[in-house]
Amino acid sequence: MGEKHVLSHPVDLSVYECDAETLDSSKPDLVVLPATTEELSEVVKLAHASKIPVVARGAGTGLSGGATCVRGGISLVLTRMNRVLFVSPEESCALVQVGATNVSVSQAASRYNLYFAPDPSSQTASTVGGNVAENAGGPHTLKYGMTTHHVLGLKVVLADGQIVTVGGVSRTSNDLDLAGIIVGSEGTLAIATEAVLKLIPKSDKTETLLAYFPSVGQAGQAVSDIVAHGVIPAAMEMIDNLTLNAVEDNSSLGLDRNAAALLIVELDGQASAIAAERKLVESCLVNNGILSSIWARDGEERATIWKARKTAFGALGRIAPHGYVLDGVIPRSKLAEAIDGIEEIGRRNKVTVANVYHAGDGNLHPCMLYHRDDEQEVVRVMRAGKEILLLCVKLGGTLSGEHGIGIEKMEEMPMVFSEDDLELMGKVKQCFDPDLVLNPGKMFPHLKGCGESGRTLLRHKIFSHC
Ligand SMILES: Cc1cc2nc3c(=O)[nH]c(=O)nc-3n(C[C@H](O)[C@H](O)[C@H](O)COP(=O)(O)OP(=O)(O)OC[C@H]3O[C@@H](n4cnc5c(N)ncnc54)[C@H](O)[C@@H]3O)c2cc1C
């Protein structure tokens, strides 16, 4: 591959020591950047022969430590394989190399009036491979589904280096859905190198509303009411007062700094249907004590509204240098209860928590703001994180809506999955990767074993697992 694409200098390795979950870090022994599926396959064959861990990596924007090499080994970076190879308007699909960014797929499809629906807020940086591995969502997941609903087929490299293709353009119902098993498996079953992605037509019309509320609870109730009235908006996103003010400090969008919550509702579809939905949405907002609202009049105003949401995490960097973003899910009807509980956990642990929510599908992103050099604060942040996840589970929710399990939530898996569930998942893993070379030490608590951990992560030290 040439020296340029095989990195071993400690300074180079440190660039790859973690993803966007910066609480945990562990350097790889080697970073390799292949340009083709065949090159990647050769690397995996060599690693397999020597039982060296291989961890696939896209843009490293993951938020659960998925791309961190907890047991060292090879960080296999796919960003050189970044081409959208082909867009087919006839089949409404695209063939892409997985190192392509999410947004580049929609950009390539745009001239056919098509787009790739999953739209994580990280879409200008995160790769299709990372989206596939984490089963990424985004604001528009509420109506259009997760990445898994838009992957038709994959070319993958298996743990022993074999190249196989699963799924494809044509719909079949008589085989095991192997692409379905690999999507969301966080690089633990196979490494994807190409993907056939479903594209959908752009809507006739889109209407976007920005609304302010006097309390987060009232905004949450409005979200529940909108869905209960039979309206499924394309997106319903919310940020709290702390986040709103950070965004305003950052971008001067003219937001109402006094509002407790900012809610974005986007409707799309045919003009006649949208007109009826607008009335229902407005009545739900009024019934829940809305302070004020504005419908975007054109594309420019729509972009400004979305800027308030899509720049939220970056803007929080103004408050503290580090942020730990959680990803718990709760039933939508429990939004107000969850929000009160998160506030109480933050207060008790003396941790500043800013809240960003995919409110429509009950996916919460409390972001704990901290200074990494303050050890006591780090301990409190990790403890509060565990308590918030437990709260989500107690409210009938689950650990992750879109960021995956990675290292971050591995220990919590038994809170939501029974022994039998975990054993079955372990059997699937063993079937794909009997020597545990692909992204070991992630997702499957049963397959870990403290003695095997190799390198000690900060969370292991703090919670004394080993
Ligand atoms: C500011 C910000 C906003 C975000 N917003 C969202 C959001 O709205 N929705 C959302 O879902 N996520 C969001 N994320 C999280 C993150 O962007 C997603 O998880 C994304 O899918 C990761 O893509 P990546 O290319 O960065 O993958 P990486 O972080 O490099 O890797 C993620 C995981 O995928 C595996 N992997 C990577 N490539 C492959 C491959 N080719 N084959 C097999 N496994 C592979 C890795 O081993 C790792 O386990 C956000 C992150 C940030 C920093």
# chains A, B, ... in the order shown; residues from 1 in each chain; ligands from 1
>>> residues_near_ligand(ligand="ligand 1", cutoff="6 Å", atoms="only C-alpha atoms and all ligand atoms", output="JSON, numbers by chain")
{"A": [19, 20, 55, 56, 57, 58, 59, 60, 61, 62, 63, 66, 67, 98, 120, 121, 122, 126, 127, 129, 130, 131, 133, 134, 136, 137, 138, 186, 187, 190, 191, 192, 193, 313, 402, 403]}
>>> select_by_dssp(residues="stretch 96-192 of chain A", states="helix (DSSP H, G or I)", output="ChimeraX atom specification")
/A:102-112,128-134,141-144,147-150,178-182
>>> closest_residue(among="A:Val351, A:Val231, A:Met368, A:Ile405", to="A:Ala276", atoms="only C-alpha atoms")
A:Val231
>>> residues_around(residues="A:Lys429", least_positions_apart="4", cutoff="7 Å", atoms="only C-alpha atoms", output="list in words")
Leu189, Met425 and Asp433 of chain A
>>> closest_residue(among="A:Leu76, A:Ile200, A:Leu154, A:Ile163", to="A:Leu114", atoms="only C-alpha atoms")
A:Ile200
>>> residues_around(residues="A:Tyr324", least_positions_apart="6", cutoff="12 Å", atoms="only C-alpha atoms", output="JSON, numbers by chain")
{"A": [19, 20, 21, 22, 23, 24, 62, 63, 64, 65, 313, 316, 317, 351, 352, 353, 354, 355, 365, 366, 367, 368, 369, 370, 371, 372, 377, 378, 380, 381, 382, 383, 384, 385, 386, 408]}
>>> closest_residue(among="A:Asn174, A:Asn287, A:Ser185, A:Asn245", to="A:Ile226", atoms="only C-alpha atoms")
A:Asn287
>>> atom_distance(atom1="atom CA of A:Pro53", atom2="atom CA of A:Leu422")
21.9 Å
>>> closest_residue(among="A:Asn288, A:Gln123, A:Thr141, A:Thr188", to="A:Met443", atoms="only C-alpha atoms")
A:Thr188
>>> decode(residues="stretch 380-418 of chain A", atoms="N, CA and C atoms", output="compact mmCIF listing (two decimals), in the first residue's frame")
# COMPACT_ATOMS: atom_id res chain seq x y z
N ARG A 380 -17.74 11.95 38.12
CA ARG A 380 -19.16 12.31 38.30
C ARG A 380 -19.91 12.20 36.97
N VAL A 381 -19.24 12.58 35.88
CA VAL A 381 -19.88 12.51 34.55
C VAL A 381 -20.19 11.05 34.20
N MET A 382 -19.22 10.16 34.43
CA MET A 382 -19.45 8.75 34.09
C MET A 382 -20.57 8.17 34.95
N ARG A 383 -20.57 8.55 36.23
CA ARG A 383 -21.61 8.02 37.13
C ARG A 383 -22.99 8.53 36.69
N ALA A 384 -23.06 9.82 36.39
CA ALA A 384 -24.35 10.40 35.96
C ALA A 384 -24.81 9.73 34.66
N GLY A 385 -23.86 9.44 33.77
CA GLY A 385 -24.20 8.78 32.50
C GLY A 385 -24.87 7.44 32.75
N LYS A 386 -24.29 6.66 33.64
CA LYS A 386 -24.88 5.34 33.96
C LYS A 386 -26.28 5.51 34.56
N GLU A 387 -26.42 6.51 35.42
CA GLU A 387 -27.73 6.72 36.06
C GLU A 387 -28.79 7.12 35.03
N ILE A 388 -28.39 7.93 34.06
CA ILE A 388 -29.35 8.36 33.04
C ILE A 388 -29.78 7.17 32.18
N LEU A 389 -28.82 6.31 31.83
CA LEU A 389 -29.19 5.13 31.04
C LEU A 389 -30.16 4.24 31.82
N LEU A 390 -29.88 4.08 33.12
CA LEU A 390 -30.75 3.26 33.96
C LEU A 390 -32.16 3.87 34.01
N LEU A 391 -32.20 5.19 34.10
CA LEU A 391 -33.50 5.88 34.11
C LEU A 391 -34.28 5.57 32.83
N CYS A 392 -33.60 5.65 31.68
CA CYS A 392 -34.27 5.38 30.40
C CYS A 392 -34.85 3.96 30.40
N VAL A 393 -34.04 3.01 30.87
CA VAL A 393 -34.50 1.61 30.88
C VAL A 393 -35.70 1.47 31.82
N LYS A 394 -35.61 2.10 33.00
CA LYS A 394 -36.72 2.00 33.96
C LYS A 394 -38.01 2.60 33.41
N LEU A 395 -37.87 3.61 32.55
CA LEU A 395 -39.07 4.23 31.97
C LEU A 395 -39.61 3.41 30.78
N GLY A 396 -39.00 2.27 30.54
CA GLY A 396 -39.51 1.41 29.46
C GLY A 396 -38.76 1.62 28.15
N GLY A 397 -37.62 2.29 28.23
CA GLY A 397 -36.86 2.56 27.01
C GLY A 397 -35.67 1.63 26.85
N THR A 398 -34.64 2.13 26.17
CA THR A 398 -33.47 1.29 25.93
C THR A 398 -32.19 2.13 25.87
N LEU A 399 -31.05 1.44 25.66
CA LEU A 399 -29.74 2.07 25.85
C LEU A 399 -29.31 2.98 24.71
N SER A 400 -29.70 2.62 23.49
CA SER A 400 -29.17 3.37 22.35
C SER A 400 -30.20 3.51 21.24
N GLY A 401 -30.35 4.74 20.75
CA GLY A 401 -31.25 4.97 19.63
C GLY A 401 -30.52 4.93 18.31
N GLU A 402 -29.21 5.31 18.32
CA GLU A 402 -28.50 5.41 17.05
C GLU A 402 -26.98 5.41 17.18
N HIS A 403 -26.45 5.65 18.36
CA HIS A 403 -24.99 5.76 18.50
C HIS A 403 -24.31 4.43 18.75
N GLY A 404 -25.07 3.39 18.98
CA GLY A 404 -24.49 2.07 19.18
C GLY A 404 -24.04 1.82 20.62
N ILE A 405 -23.57 0.60 20.85
CA ILE A 405 -23.18 0.17 22.19
C ILE A 405 -21.68 0.41 22.42
N GLY A 406 -20.86 0.01 21.44
CA GLY A 406 -19.42 0.24 21.53
C GLY A 406 -18.84 -0.26 22.83
N ILE A 407 -17.92 0.55 23.41
CA ILE A 407 -17.43 0.22 24.75
C ILE A 407 -18.31 0.91 25.78
N GLU A 408 -18.90 2.02 25.35
CA GLU A 408 -19.59 2.88 26.30
C GLU A 408 -20.70 2.17 27.06
N LYS A 409 -21.53 1.40 26.36
CA LYS A 409 -22.71 0.84 27.01
C LYS A 409 -22.67 -0.68 27.14
N MET A 410 -21.49 -1.26 26.87
CA MET A 410 -21.38 -2.73 26.87
C MET A 410 -21.79 -3.32 28.22
N GLU A 411 -21.32 -2.68 29.29
CA GLU A 411 -21.61 -3.21 30.63
C GLU A 411 -23.10 -3.14 30.97
N GLU A 412 -23.81 -2.25 30.27
CA GLU A 412 -25.23 -2.06 30.59
C GLU A 412 -26.12 -3.02 29.79
N MET A 413 -25.55 -3.75 28.83
CA MET A 413 -26.37 -4.64 27.99
C MET A 413 -27.28 -5.57 28.81
N PRO A 414 -26.77 -6.14 29.93
CA PRO A 414 -27.66 -7.04 30.69
C PRO A 414 -28.86 -6.32 31.33
N MET A 415 -28.85 -4.99 31.33
CA MET A 415 -30.03 -4.28 31.86
C MET A 415 -31.23 -4.46 30.95
N VAL A 416 -30.97 -4.63 29.64
CA VAL A 416 -32.11 -4.74 28.71
C VAL A 416 -32.21 -6.10 28.03
N PHE A 417 -31.10 -6.87 28.04
CA PHE A 417 -31.15 -8.17 27.36
C PHE A 417 -30.95 -9.29 28.37
N SER A 418 -31.72 -10.35 28.21
CA SER A 418 -31.62 -11.50 29.12
C SER A 418 -30.35 -12.29 28.79
